[in-house]
Each structure stands twice: as structure tokens, then as C-alpha cells.
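Chemist: Following this line is structure.cif, made up of mmCIF, C-alpha atoms:
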data_entry
loop_
_atom_site.group_PDB
_atom_site.id
_atom_site.type_symbol
_atom_site.label_atom_id
_atom_site.label_comp_id
_atom_site.auth_asym_id
_atom_site.auth_seq_id
_atom_site.Cartn_x
_atom_site.Cartn_y
_atom_site.Cartn_z
ATOM 1 C CA MET L 1 31.658 8.798 71.123
ATOM 2 C CA ILE L 2 29.075 6.009 71.111
ATOM 3 C CA PHE L 3 27.362 5.568 67.752
ATOM 4 C CA GLY L 4 24.063 3.785 67.225
ATOM 5 C CA VAL L 5 22.913 2.133 64.007
ATOM 6 C CA VAL L 6 19.170 1.704 63.531
ATOM 7 C CA GLY L 7 18.427 -1.044 61.007
ATOM 8 C CA VAL L 8 21.182 -3.485 60.103
ATOM 9 C CA GLY L 9 20.176 -4.682 56.674
ATOM 10 C CA THR L 10 22.640 -4.415 53.798
ATOM 11 C CA MET L 11 23.368 -0.697 54.261
ATOM 12 C CA GLY L 12 23.191 -0.753 58.038
ATOM 13 C CA LYS L 13 25.688 -3.610 58.180
ATOM 14 C CA ASN L 14 28.121 -1.516 56.137
ATOM 15 C CA HIS L 15 27.641 1.407 58.518
ATOM 16 C CA VAL L 16 28.519 -0.848 61.460
ATOM 17 C CA ARG L 17 31.611 -2.172 59.687
ATOM 18 C CA VAL L 18 32.929 1.307 58.874
ATOM 19 C CA LEU L 19 32.071 2.839 62.248
ATOM 20 C CA THR L 20 34.108 0.167 64.055
ATOM 21 C CA GLU L 21 37.120 1.324 62.006
ATOM 22 C CA ILE L 22 36.845 5.027 62.950
ATOM 23 C CA LYS L 23 39.143 5.942 65.852
ATOM 24 C CA LYS L 24 36.874 8.608 67.320
ATOM 25 C CA VAL L 25 34.045 6.087 67.694
ATOM 26 C CA ASP L 26 34.528 4.362 71.039
ATOM 27 C CA ASP L 27 31.673 1.923 70.721
ATOM 28 C CA VAL L 28 28.837 0.964 68.350
ATOM 29 C CA VAL L 29 25.384 -0.212 69.395
ATOM 30 C CA VAL L 30 22.870 -1.704 66.949
ATOM 31 C CA TYR L 31 19.111 -2.013 66.889
ATOM 32 C CA ASP L 32 16.883 -3.838 64.417
ATOM 33 C CA SER L 33 13.211 -4.805 64.431
ATOM 34 C CA LYS L 34 14.493 -8.351 63.959
ATOM 35 C CA PRO L 35 16.471 -9.089 67.167
ATOM 36 C CA ASP L 36 18.168 -12.147 65.651
ATOM 37 C CA ARG L 37 19.534 -10.002 62.821
ATOM 38 C CA ALA L 38 20.818 -7.397 65.287
ATOM 39 C CA GLN L 39 22.570 -10.085 67.333
ATOM 40 C CA GLU L 40 24.092 -11.629 64.207
ATOM 41 C CA ILE L 41 25.660 -8.316 63.169
ATOM 42 C CA ALA L 42 26.743 -7.597 66.743
ATOM 43 C CA ASP L 43 28.559 -10.933 66.883
ATOM 44 C CA ILE L 44 30.317 -10.342 63.555
ATOM 45 C CA TYR L 45 31.664 -6.900 64.509
ATOM 46 C CA ASP L 46 31.866 -7.326 68.287
ATOM 47 C CA VAL L 47 29.461 -4.486 69.093
ATOM 48 C CA ASP L 48 26.562 -4.071 71.506
ATOM 49 C CA VAL L 49 22.846 -4.644 70.914
ATOM 50 C CA ALA L 50 20.065 -2.319 72.055
ATOM 51 C CA ASP L 51 16.767 -4.061 72.757
ATOM 52 C CA SER L 52 14.779 -0.910 71.982
ATOM 53 C CA LEU L 53 15.124 2.612 70.585
ATOM 54 C CA GLU L 54 14.733 3.927 74.146
ATOM 55 C CA SER L 55 17.726 1.834 75.194
ATOM 56 C CA MET L 56 19.758 3.227 72.294
ATOM 57 C CA ILE L 57 18.788 6.783 73.255
ATOM 58 C CA ARG L 58 20.210 6.209 76.732
ATOM 59 C CA SER L 59 23.571 5.006 75.427
ATOM 60 C CA ALA L 60 24.275 6.615 72.024
ATOM 61 C CA ASP L 61 25.588 10.110 71.287
ATOM 62 C CA ALA L 62 24.785 9.868 67.559
ATOM 63 C CA VAL L 63 22.850 7.516 65.290
ATOM 64 C CA SER L 64 22.829 6.279 61.710
ATOM 65 C CA ILE L 65 19.266 5.648 60.591
ATOM 66 C CA CYS L 66 19.414 2.820 58.055
ATOM 67 C CA SER L 67 15.906 1.490 58.524
ATOM 68 C CA PRO L 68 13.449 1.222 55.587
ATOM 69 C CA THR L 69 12.486 4.656 54.264
ATOM 70 C CA LYS L 70 8.916 4.434 55.562
ATOM 71 C CA PHE L 71 10.285 4.486 59.131
ATOM 72 C CA HIS L 72 12.738 7.367 58.659
ATOM 73 C CA PHE L 73 10.362 10.111 59.770
ATOM 74 C CA GLN L 74 9.388 8.499 63.062
ATOM 75 C CA HIS L 75 13.015 7.592 63.801
ATOM 76 C CA ILE L 76 14.227 11.117 63.003
ATOM 77 C CA ARG L 77 11.533 12.585 65.250
ATOM 78 C CA THR L 78 12.400 10.197 68.093
ATOM 79 C CA PHE L 79 16.149 10.886 68.090
ATOM 80 C CA ALA L 80 15.830 14.610 67.383
ATOM 81 C CA LYS L 81 13.536 14.955 70.416
ATOM 82 C CA ALA L 82 16.226 13.192 72.440
ATOM 83 C CA GLU L 83 18.796 15.661 71.025
ATOM 84 C CA LYS L 84 20.962 12.991 69.402
ATOM 85 C CA HIS L 85 23.066 13.731 66.330
ATOM 86 C CA ILE L 86 21.478 12.071 63.289
ATOM 87 C CA LEU L 87 22.765 10.733 59.988
ATOM 88 C CA VAL L 88 19.950 9.259 57.895
ATOM 89 C CA GLU L 89 20.290 7.245 54.716
ATOM 90 C CA LYS L 90 18.747 8.624 51.539
ATOM 91 C CA PRO L 91 15.999 9.350 50.778
ATOM 92 C CA VAL L 92 15.678 11.381 53.956
ATOM 93 C CA VAL L 93 11.972 10.466 54.299
ATOM 94 C CA SER L 94 9.180 9.034 52.159
ATOM 95 C CA SER L 95 7.754 12.263 50.718
ATOM 96 C CA TYR L 96 8.308 15.968 50.276
ATOM 97 C CA GLU L 97 5.497 16.687 52.752
ATOM 98 C CA GLU L 98 7.241 14.566 55.388
ATOM 99 C CA GLY L 99 10.473 16.336 54.489
ATOM 100 C CA LYS L 100 8.974 19.731 55.292
ATOM 101 C CA LYS L 101 7.939 18.373 58.702
ATOM 102 C CA VAL L 102 11.520 17.208 59.278
ATOM 103 C CA LEU L 103 12.748 20.752 58.628
ATOM 104 C CA GLU L 104 10.283 22.019 61.243
ATOM 105 C CA ILE L 105 11.524 19.440 63.762
ATOM 106 C CA LEU L 106 15.141 20.433 63.141
ATOM 107 C CA GLU L 107 14.301 24.116 63.668
ATOM 108 C CA GLU L 108 13.494 23.129 67.250
ATOM 109 C CA SER L 109 16.653 20.991 67.575
ATOM 110 C CA ARG L 110 19.351 23.354 66.366
ATOM 111 C CA ASP L 111 22.056 21.951 68.660
ATOM 112 C CA ILE L 112 22.195 18.598 66.880
ATOM 113 C CA VAL L 113 24.208 17.740 63.765
ATOM 114 C CA PHE L 114 21.923 16.388 61.058
ATOM 115 C CA GLY L 115 23.106 14.919 57.770
ATOM 116 C CA VAL L 116 21.761 12.798 54.933
ATOM 117 C CA GLY L 117 23.741 9.975 53.366
ATOM 118 C CA HIS L 118 23.751 10.913 49.714
ATOM 119 C CA ILE L 119 26.859 8.800 49.353
ATOM 120 C CA GLU L 120 27.940 9.916 45.863
ATOM 121 C CA ARG L 121 28.609 13.376 47.273
ATOM 122 C CA PHE L 122 31.640 11.755 48.942
ATOM 123 C CA ASN L 123 32.887 10.083 45.755
ATOM 124 C CA PRO L 124 36.179 11.726 44.672
ATOM 125 C CA ILE L 125 34.740 12.008 41.146
ATOM 126 C CA VAL L 126 32.428 14.777 42.385
ATOM 127 C CA ARG L 127 35.291 16.730 43.935
ATOM 128 C CA GLU L 128 37.273 16.523 40.693
ATOM 129 C CA LEU L 129 34.282 17.631 38.601
ATOM 130 C CA LEU L 130 33.929 20.688 40.814
ATOM 131 C CA ALA L 131 37.629 21.466 40.505
ATOM 132 C CA LEU L 132 37.330 21.521 36.704
ATOM 133 C CA GLU L 133 34.771 24.358 36.960
ATOM 134 C CA ILE L 134 33.045 23.343 33.729
ATOM 135 C CA ASP L 135 29.959 25.360 32.872
ATOM 136 C CA ALA L 136 28.666 22.426 30.860
ATOM 137 C CA THR L 137 26.233 22.909 27.989
ATOM 138 C CA TYR L 138 25.162 19.259 28.030
ATOM 139 C CA ILE L 139 25.245 16.631 30.777
ATOM 140 C CA ASP L 140 24.190 12.998 30.602
ATOM 141 C CA ALA L 141 24.053 10.930 33.812
ATOM 142 C CA LYS L 142 23.260 7.206 33.757
ATOM 143 C CA ARG L 143 22.570 5.059 36.802
ATOM 144 C CA HIS L 144 21.427 1.578 35.776
ATOM 145 C CA ASN L 145 21.183 -1.462 38.000
ATOM 146 C CA PRO L 146 20.130 -5.104 37.761
ATOM 147 C CA ALA L 147 16.845 -5.976 39.485
ATOM 148 C CA SER L 148 17.113 -6.235 43.280
ATOM 149 C CA MET L 149 14.804 -7.398 46.037
ATOM 150 C CA ARG L 150 16.608 -5.101 48.518
ATOM 151 C CA VAL L 151 14.427 -2.054 47.814
ATOM 152 C CA ALA L 152 10.700 -2.695 47.470
ATOM 153 C CA ASP L 153 9.102 0.429 48.937
ATOM 154 C CA SER L 154 10.162 3.020 46.347
ATOM 155 C CA THR L 155 10.391 3.625 42.617
ATOM 156 C CA VAL L 156 13.664 3.830 40.713
ATOM 157 C CA VAL L 157 13.455 7.625 41.066
ATOM 158 C CA GLU L 158 13.947 7.622 44.868
ATOM 159 C CA ASP L 159 16.079 4.496 44.828
ATOM 160 C CA LEU L 160 18.681 5.360 42.153
ATOM 161 C CA MET L 161 17.943 8.562 40.254
ATOM 162 C CA ILE L 162 17.950 10.619 43.443
ATOM 163 C CA HIS L 163 21.769 10.330 43.564
ATOM 164 C CA ASP L 164 22.115 12.203 40.281
ATOM 165 C CA VAL L 165 19.326 14.615 41.203
ATOM 166 C CA ASP L 166 21.428 15.501 44.254
ATOM 167 C CA ILE L 167 24.600 16.012 42.193
ATOM 168 C CA VAL L 168 22.833 18.074 39.513
ATOM 169 C CA PHE L 169 20.829 20.369 41.811
ATOM 170 C CA ASN L 170 23.222 20.693 44.758
ATOM 171 C CA VAL L 171 26.651 20.485 43.128
ATOM 172 C CA LEU L 172 26.638 21.285 39.410
ATOM 173 C CA PHE L 173 23.718 23.754 39.332
ATOM 174 C CA SER L 174 23.415 24.763 42.971
ATOM 175 C CA GLU L 175 22.914 28.443 42.124
ATOM 176 C CA ASN L 176 20.361 27.882 39.346
ATOM 177 C CA ARG L 177 16.805 27.284 40.530
ATOM 178 C CA ASP L 178 15.039 28.125 37.258
ATOM 179 C CA PHE L 179 14.466 25.020 35.156
ATOM 180 C CA LYS L 180 11.981 23.081 33.069
ATOM 181 C CA LEU L 181 11.564 19.353 33.543
ATOM 182 C CA ASN L 182 10.160 16.550 31.409
ATOM 183 C CA ALA L 183 10.265 12.832 32.104
ATOM 184 C CA ALA L 184 9.049 9.505 30.763
ATOM 185 C CA GLY L 185 9.122 5.977 32.083
ATOM 186 C CA ASN L 186 7.622 3.736 34.735
ATOM 187 C CA ARG L 187 8.366 2.414 38.219
ATOM 188 C CA ASN L 188 11.619 0.738 37.155
ATOM 189 C CA VAL L 189 12.904 2.761 34.173
ATOM 190 C CA VAL L 190 12.928 6.567 33.985
ATOM 191 C CA GLN L 191 14.463 9.192 31.704
ATOM 192 C CA ALA L 192 14.360 12.848 32.810
ATOM 193 C CA LEU L 193 15.326 15.919 30.771
ATOM 194 C CA ILE L 194 16.069 19.133 32.661
ATOM 195 C CA ASP L 195 16.435 22.456 30.867
ATOM 196 C CA PHE L 196 18.408 25.080 32.806
ATOM 197 C CA GLY L 197 18.315 27.547 29.914
ATOM 198 C CA LYS L 198 21.951 27.540 28.811
ATOM 199 C CA SER L 199 22.426 23.917 29.856
ATOM 200 C CA VAL L 200 20.538 20.698 29.216
ATOM 201 C CA VAL L 201 20.769 17.721 31.574
ATOM 202 C CA SER L 202 19.635 14.183 30.816
ATOM 203 C CA ILE L 203 19.310 11.699 33.691
ATOM 204 C CA SER L 204 18.366 8.057 33.275
ATOM 205 C CA ALA L 205 17.868 5.335 35.870
ATOM 206 C CA SER L 206 16.934 1.687 35.516
ATOM 207 C CA ARG L 207 16.399 -1.346 37.726
ATOM 208 C CA ILE L 208 16.156 -3.854 34.864
ATOM 209 C CA ALA L 209 19.672 -3.593 33.426
ATOM 210 C CA SER L 210 22.010 -6.506 32.874
ATOM 211 C CA LYS L 211 24.990 -4.199 33.347
ATOM 212 C CA LYS L 212 25.608 -1.940 36.313
ATOM 213 C CA ILE L 213 26.345 1.623 35.165
ATOM 214 C CA ARG L 214 27.232 4.735 37.179
ATOM 215 C CA ARG L 215 28.484 7.306 34.684
ATOM 216 C CA ILE L 216 28.406 11.016 33.960
ATOM 217 C CA TYR L 217 29.222 12.707 30.650
ATOM 218 C CA MET L 218 29.688 16.475 30.245
ATOM 219 C CA GLU L 219 30.248 18.652 27.177
ATOM 220 C CA LYS L 220 31.253 22.238 26.602
ATOM 221 C CA ASP L 221 32.595 23.970 23.467
ATOM 222 C CA ASP L 222 36.202 22.941 23.943
ATOM 223 C CA ILE L 223 36.074 20.071 26.427
ATOM 224 C CA THR L 224 34.327 16.757 27.062
ATOM 225 C CA VAL L 225 34.484 14.917 30.386
ATOM 226 C CA GLU L 226 33.575 11.305 31.180
ATOM 227 C CA GLY L 227 33.384 10.009 34.731
ATOM 228 C CA ASP L 228 32.780 6.537 36.160
ATOM 229 C CA PHE L 229 31.539 6.629 39.761
ATOM 230 C CA MET L 230 32.198 2.919 40.375
ATOM 231 C CA ALA L 231 35.711 2.800 38.932
ATOM 232 C CA GLN L 232 36.387 6.327 40.254
ATOM 233 C CA GLU L 233 37.947 7.296 36.930
ATOM 234 C CA LEU L 234 37.713 10.605 35.099
ATOM 235 C CA TYR L 235 38.785 11.345 31.519
ATOM 236 C CA ILE L 236 39.068 14.753 29.863
ATOM 237 C CA TYR L 237 38.929 15.116 26.070
ATOM 238 C CA ARG L 238 40.192 18.343 24.500
ATOM 239 C CA LYS L 239 39.189 19.565 21.047
ATOM 240 C CA PRO L 240 41.061 17.952 18.135
ATOM 241 C CA SER L 241 44.241 19.828 17.335
ATOM 242 C CA ILE L 242 45.267 17.871 14.223
ATOM 243 C CA TYR L 243 43.187 16.949 11.183
ATOM 244 C CA LEU L 244 44.600 14.542 8.606
ATOM 245 C CA ASN L 245 43.306 13.517 5.211
ATOM 246 C CA VAL L 246 43.922 9.838 4.477
ATOM 247 C CA ASN L 247 42.342 8.306 1.397
ATOM 248 C CA GLU L 248 39.913 11.235 1.286
ATOM 249 C CA LYS L 249 38.763 10.538 4.866
ATOM 250 C CA TYR L 250 39.236 13.023 7.680
ATOM 251 C CA LEU L 251 40.927 11.754 10.836
ATOM 252 C CA GLN L 252 41.148 13.736 14.057
ATOM 253 C CA GLU L 253 43.625 13.461 16.889
ATOM 254 C CA ASN L 254 42.231 14.233 20.351
ATOM 255 C CA VAL L 255 44.099 15.168 23.484
ATOM 256 C CA ILE L 256 42.977 12.761 26.213
ATOM 257 C CA GLU L 257 43.824 13.250 29.884
ATOM 258 C CA LYS L 258 43.206 10.770 32.681
ATOM 259 C CA VAL L 259 42.756 12.587 35.981
ATOM 260 C CA LEU L 260 44.788 11.121 38.834
ATOM 261 C CA ILE L 261 42.303 10.216 41.565
ATOM 262 C CA ASN L 262 42.993 8.879 45.029
ATOM 263 C CA LYS L 263 40.375 6.131 45.205
ATOM 264 C CA VAL L 264 38.432 5.791 48.445
ATOM 265 C CA GLU L 265 35.356 4.057 49.866
ATOM 266 C CA PRO L 266 32.752 6.869 49.818
ATOM 267 C CA LEU L 267 30.908 5.459 52.846
ATOM 268 C CA LYS L 268 34.083 5.716 54.940
ATOM 269 C CA VAL L 269 34.524 9.336 53.892
ATOM 270 C CA GLU L 270 30.862 10.057 54.612
ATOM 271 C CA LEU L 271 30.864 8.567 58.103
ATOM 272 C CA LYS L 272 34.228 10.046 59.065
ATOM 273 C CA THR L 273 33.004 13.457 57.880
ATOM 274 C CA PHE L 274 29.884 13.088 60.015
ATOM 275 C CA VAL L 275 31.928 12.103 63.076
ATOM 276 C CA ASP L 276 34.162 15.136 62.495
ATOM 277 C CA ALA L 277 31.024 17.299 62.186
ATOM 278 C CA VAL L 278 29.757 16.031 65.537
ATOM 279 C CA ASP L 279 33.228 16.809 66.904
ATOM 280 C CA GLY L 280 32.824 20.380 65.639
ATOM 281 C CA LYS L 281 35.670 20.236 63.142
ATOM 282 C CA VAL L 282 33.735 20.422 59.855
ATOM 283 C CA GLU L 283 30.252 21.102 58.527
ATOM 284 C CA PHE L 284 28.505 18.072 57.070
ATOM 285 C CA PRO L 285 28.005 18.886 53.368
ATOM 286 C CA VAL L 286 24.619 17.253 52.760
ATOM 287 C CA SER L 287 21.992 19.264 54.620
ATOM 288 C CA ALA L 288 18.405 18.425 55.455
ATOM 289 C CA LYS L 289 17.231 21.296 53.261
ATOM 290 C CA GLN L 290 19.115 19.905 50.244
ATOM 291 C CA ALA L 291 17.808 16.382 50.853
ATOM 292 C CA VAL L 292 14.231 17.609 51.143
ATOM 293 C CA ASN L 293 14.602 19.587 47.925
ATOM 294 C CA ASN L 294 15.857 16.384 46.265
ATOM 295 C CA LEU L 295 12.541 14.788 47.220
ATOM 296 C CA ARG L 296 10.682 17.734 45.697
ATOM 297 C CA ILE L 297 12.491 17.202 42.378
ATOM 298 C CA CYS L 298 11.902 13.442 42.542
ATOM 299 C CA GLU L 299 8.186 13.993 43.043
ATOM 300 C CA MET L 300 8.131 16.339 40.044
ATOM 301 C CA ILE L 301 9.688 13.527 37.973
ATOM 302 C CA ARG L 302 7.202 10.992 39.327
ATOM 303 C CA ARG L 303 4.286 13.226 38.398
ATOM 304 C CA GLU L 304 5.650 13.516 34.876
ATOM 305 C CA ILE L 305 5.713 9.716 34.448
ATOM 306 C CA GLY L 306 2.306 9.291 36.099
#
Take the structure in the file and give it back as C-alpha cells.

Modeler:
Amino acid sequence: MIFGVVGVGTMGKNHVRVLTEIKKVDDVVVYDSKPDRAQEIADIYDVDVADSLESMIRSADAVSICSPTKFHFQHIRTFAKAEKHILVEKPVVSSYEEGKKVLEILEESRDIVFGVGHIERFNPIVRELLALEIDATYIDAKRHNPASMRVADSTVVEDLMIHDVDIVFNVLFSENRDFKLNAAGNRNVVQALIDFGKSVVSISASRIASKKIRRIYMEKDDITVEGDFMAQELYIYRKPSIYLNVNEKYLQENVIEKVLINKVEPLKVELKTFVDAVDGKVEFPVSAKQAVNNLRICEMIRREIG
């Protein structure tokens, strides 16, 4: 299998690195609007350079689209028309309206494998949260980041918050489409509150933090769960079983469990899963329909913050 990577900025470079380590990938070819950048990455990882998208179409069986979001739609359309398998970085496109057009394009290209790189879906924390089967009453997800010049064409909602939108609406509450949403913030700091009726979810995202945070906190009557996506650690707190009275103060003793997690690089899992999907062995878990719905939710949040 020959795999193309369109756009070799920070994320695209990582795609090239990982793809060269996957046994089923025979060769990698890169394209970038800056030819010098493409050649630089090609030299580092000993891969080929395509001088145009047409050249990549002639050689590649599948592509990773890692170009800036504003180019995703045209790149998806180009490679789908050529019947190439497509993995596109999140967000899938720039808007919900563009997303609906992508779904129409894919209806005409049913023989290709199409996936979206919502990378946290491949974090082992998510798998463990699902295994716990917690019908949480309260969830708090935080995704805070220092300022970065890497992403300039989107707000913090599409840049960071979309990861937790994906987890909430496609993993934790995938069967529940009835909700109320409120949000406050600005281009770089947003807090969203989602009411699912029996459950309340708070999501915050920031691009002005001095500390990088990727955490999720879940509560139910008899259990509390804390997860760290970066450290890939998960702790379970059971209700206090012992109460003591010391100097007229109540002390409680909790049962704390640390879940044993096999730590991995989520991008490696994501790309290997996509290669296996192209090979017909698995179904890629992040669909175009889910990714487009994520954009719909993000636009609802953006409207709330004006």
C-alpha cells in the first residue's frame, strides 16, 4: 500500500513518521504547497515527494489530509473523485454546510474508506471509560492549552473543544440526541453546558492557559472517575465505607482504584486502524457522519458565544 500525506506541517510530519513504521505501508509520498518543506520532510524520513496532487493521485492508494482546514473540502473532493481512501484530520471541513456536501460526495464514492482523525477516540482512556459503563449524572471535561501560532484559522471550539464534543456525543451519549446547550466565552476561551435531562455535561476549552490540561471527571451516585488523557491514567473513587470522628471532626476513608492501562501513542493506533480498514479487516470508528455532526454541535456553541 502506498500512502500519501497532503500537508506536512506539525501534524502531517507526525503522520509521515508513523506511516513509515507501519508494516503494511510499502511507501509514503508527501505533498505540500511549500515544496521546500515537502523535500525537507522527505529527506528526514526517506520518502518520496509528489510535485502535485495529480501526481499523488497516480501513485497513492490512500491519503492523509493534513492541510489547513480551509483546504479540506477541496482535497476531499479531489481524492474522493479519484476513488482514493481518505483519512482527514479534524475538523473534517470548515463548516457544517461544507460537511453536508462531503456526505453527498461520499454517497457517490461508497467503495472508498473514509475516516476522520479525532485522535482522542484512539486514546486508551476512552476505551476504559466505555468498559466502566457509567451512566454518569455529571461530567466535566477540560482541555486547556497555552497560546499557539500553529492554528490561526479557527476558534478554540473547532481547535480544542471539538475533541470533547466528539467523545460526549459519539461515545458517552451516542444514543441520546435530545439536549439543551448553553455556552459563554470568546474566540480563545469557551465554557459549554449541555443538559441531557438525567445528565449534565460541562466542557471547557482555552488557548490562553499556562498549564496544559486534558482531563475528564465523571460522577454517579456511588462512583467518581478521573481521567488524564495526556498521562493516560484513570482513577476510580468508590463511596466512603468508613466514617471516623476525631476531635469532633468527621473523616472519611475512600476506596481508590488506579486502572491498569497499556499506554500507547494514539496517532499510531489511529493510522494502523485506518490501514487495517483499507485492508478490509476492521471498520474505522470515526465516520464522516459523526464528524459532520461534531461540526453542527460546534456551530451551536459558537452561536451561543456570538

Chemist: Expand the PyMOL selection byres ((chain L and resi 25-30) around 6) into the explicit residue set it covers here, and present it as a VMD selection string.

Modeler: chain L and resid 1 to 5 22 to 24 31 47 to 50

Chemist: Running the PyMOL selection byres ((chain L and resi 97) around 12) on this model by hand, what would come out? Give it as a ChimeraX atom specification.

Modeler: /L:73,92-96,98-104,292-293,295-296,299

Chemist: Would you compute the distance between CA of Asn182 (chain L) and CA of Glu89 (chain L)? Give it in Å to one decimal.

Modeler: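 One can read the CA of Asn182 (chain L) to CA of Glu89 (chain L) distance as 27.1 Å.
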
Chemist: For the PyMOL selection byres ((chain L and resi 6) around 9), applied here, can you spell out every residue it catches as a PyMOL selection string?

Modeler: chain L and resi 4-5+7-8+12+29-33+53+56+63-67+75

Chemist: Given only C-alpha atoms as the basis, pick out the residue of L:Pro285, L:Gly185, L:Pro266, L:Gly197 nearest to Phe122 (chain L).

Modeler: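 Smallest distance to Phe122 (chain L) is found for L:Pro266.
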
Chemist: Extract, using only C-alpha atoms, all DNA, RNA and protein residues at most 8 Å from Ile236 (chain L), discarding same-chain residues fewer than 3 positions from it, and format them as number ranges by chain.

Modeler: L: 223-226, 256-259

Chemist: For a quick check of your reading of the model, name the residues lying within 9 Å of the coordinate (26.6, -4.4, 33.9), counting all atoms listed in the file, and write them as a list in words.

Modeler: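 The distance filter leaves exactly His144, Asn145, Pro146, Ala209, Ser210, Lys211, Lys212 and Ile213 of chain L.
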
Chemist: How would the residues just chosen look if you wrote them out with C-alpha atoms as a JSON list (two decimals), keeping the file's coordinate frame?

Modeler:
[["chain", "number", "residue", "atom", "x", "y", "z"],
["L", 144, "HIS", "CA", 21.43, 1.58, 35.78],
["L", 145, "ASN", "CA", 21.18, -1.46, 38.00],
["L", 146, "PRO", "CA", 20.13, -5.10, 37.76],
["L", 209, "ALA", "CA", 19.67, -3.59, 33.43],
["L", 210, "SER", "CA", 22.01, -6.51, 32.87],
["L", 211, "LYS", "CA", 24.99, -4.20, 33.35],
["L", 212, "LYS", "CA", 25.61, -1.94, 36.31],
["L", 213, "ILE", "CA", 26.34, 1.62, 35.16]]

Chemist: Which one of L:Met161, L:Leu172, L:Ile261, L:Val18 sits closest to Ser204 (chain L) if you count only C-alpha atoms?

Modeler: L:Met161

Chemist: Looking at L:Asp159, L:Phe179, L:Asp135, L:Ser55, which one is nearest to Asp222 (chain L), with distances taken over only C-alpha atoms?

Modeler: L:Asp135

Chemist: May I have the protein, DNA and RNA residues with an atom at most 12 Å from (14.4, 5.8, 75.8), counting all atoms listed in the file in the file's coordinates, returned as JSON, numbers by chain?

Modeler: {"L": [50, 51, 52, 53, 54, 55, 56, 57, 58, 59, 60, 78, 79, 81, 82, 83, 84]}

Chemist: Using all atoms listed in the file, which of L:Leu193, L:Val113, L:Ala42, L:Ile119 sits nearest Val269 (chain L)?

Modeler: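 Result for the nearest residue to Val269 (chain L): L:Ile119.
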
Chemist: Report the distance between CA of Ile297 (chain L) and CA of Lys268 (chain L) in Å, rounded to one decimal place.

Modeler: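 Rounded to one decimal, the two atoms are 27.5 Å apart.
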
Chemist: Could you tell me how far CA of Lys198 (chain L) sits from CA of Val255 (chain L), in Å to one decimal place?

Modeler: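 Spanning CA of Val255 (chain L) to CA of Lys198 (chain L) is a straight-line distance of 25.9 Å.
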
Chemist: Need to verify the contact set: Ile125 (chain L), 9 Å, only C-alpha atoms, exclusion of same-chain residues closer than 5 positions in sequence. Can you return it as a short mmCIF file (atom, residue, chain, number, x, y, z; two decimals) with C-alpha atoms, in the coordinates of the input?

Modeler:
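To be explicit, this is the file written out as around.cif:
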data_model
loop_
_atom_site.label_atom_id
_atom_site.label_comp_id
_atom_site.auth_asym_id
_atom_site.auth_seq_id
_atom_site.Cartn_x
_atom_site.Cartn_y
_atom_site.Cartn_z
CA GLU L 120 27.94 9.92 45.86
CA LEU L 130 33.93 20.69 40.81
CA GLY L 227 33.38 10.01 34.73
CA ASP L 228 32.78 6.54 36.16
CA PHE L 229 31.54 6.63 39.76
CA GLN L 232 36.39 6.33 40.25
CA GLU L 233 37.95 7.30 36.93
CA LEU L 234 37.71 10.60 35.10
CA ILE L 261 42.30 10.22 41.56
#

Chemist: Within 10 Å of Val168 (chain L), counting all atoms listed in the file, which residues qualify if same-chain residues fewer than 4 places away don't, as a ChimeraX atom specification?

Modeler: /L:139,141,162-164,172-174,194,201,203,294

Chemist: Check the smallest atom-to-atom distance from each of L:Ile44, L:Ile112, L:Met11, L:Ile134 to Pro68 (chain L) using only C-alpha atoms, then report the winner.

Modeler: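 Residue with the minimum atom-to-atom distance to Pro68 (chain L): L:Met11.
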
Chemist: Point out the residue among L:Pro91, L:Thr10, L:Ala80, L:Ser202 with the least atom-to-atom distance to Glu108 (chain L), counting only C-alpha atoms.

Modeler: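 Checking each candidate against Glu108 (chain L), we get L:Ala80 as the closest.
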
Chemist: Please return region 115-128 of chain L, rebuilt to N, CA and C atoms, as an mmCIF file, keeping the file's coordinate frame.

Modeler:
data_model
loop_
_atom_site.group_PDB
_atom_site.id
_atom_site.type_symbol
_atom_site.label_atom_id
_atom_site.label_comp_id
_atom_site.auth_asym_id
_atom_site.auth_seq_id
_atom_site.Cartn_x
_atom_site.Cartn_y
_atom_site.Cartn_z
ATOM 1 N N GLY L 115 22.607 15.102 59.132
ATOM 2 C CA GLY L 115 23.106 14.919 57.770
ATOM 3 C C GLY L 115 22.368 13.804 57.066
ATOM 4 N N VAL L 116 22.433 13.824 55.746
ATOM 5 C CA VAL L 116 21.761 12.798 54.933
ATOM 6 C C VAL L 116 22.801 12.098 54.073
ATOM 7 N N GLY L 117 22.716 10.779 54.026
ATOM 8 C CA GLY L 117 23.741 9.975 53.366
ATOM 9 C C GLY L 117 23.590 9.847 51.871
ATOM 10 N N HIS L 118 23.651 10.968 51.173
ATOM 11 C CA HIS L 118 23.751 10.913 49.714
ATOM 12 C C HIS L 118 25.205 10.580 49.384
ATOM 13 N N ILE L 119 25.487 9.293 49.302
ATOM 14 C CA ILE L 119 26.859 8.800 49.353
ATOM 15 C C ILE L 119 27.726 9.262 48.186
ATOM 16 N N GLU L 120 27.129 9.500 47.014
ATOM 17 C CA GLU L 120 27.940 9.916 45.863
ATOM 18 C C GLU L 120 28.559 11.295 46.067
ATOM 19 N N ARG L 121 28.021 12.075 46.986
ATOM 20 C CA ARG L 121 28.609 13.376 47.273
ATOM 21 C C ARG L 121 30.027 13.212 47.827
ATOM 22 N N PHE L 122 30.331 12.017 48.337
ATOM 23 C CA PHE L 122 31.640 11.755 48.942
ATOM 24 C C PHE L 122 32.546 10.941 48.009
ATOM 25 N N ASN L 123 32.079 10.744 46.781
ATOM 26 C CA ASN L 123 32.887 10.083 45.755
ATOM 27 C C ASN L 123 33.900 11.102 45.222
ATOM 28 N N PRO L 124 35.182 10.751 45.145
ATOM 29 C CA PRO L 124 36.179 11.726 44.672
ATOM 30 C C PRO L 124 35.918 12.254 43.268
ATOM 31 N N ILE L 125 35.116 11.527 42.478
ATOM 32 C CA ILE L 125 34.740 12.008 41.146
ATOM 33 C C ILE L 125 34.050 13.376 41.245
ATOM 34 N N VAL L 126 33.175 13.532 42.233
ATOM 35 C CA VAL L 126 32.428 14.777 42.385
ATOM 36 C C VAL L 126 33.366 15.932 42.708
ATOM 37 N N ARG L 127 34.316 15.678 43.593
ATOM 38 C CA ARG L 127 35.291 16.730 43.935
ATOM 39 C C ARG L 127 36.089 17.165 42.713
ATOM 40 N N GLU L 128 36.484 16.206 41.884
ATOM 41 C CA GLU L 128 37.273 16.523 40.693
ATOM 42 C C GLU L 128 36.433 17.276 39.658
#
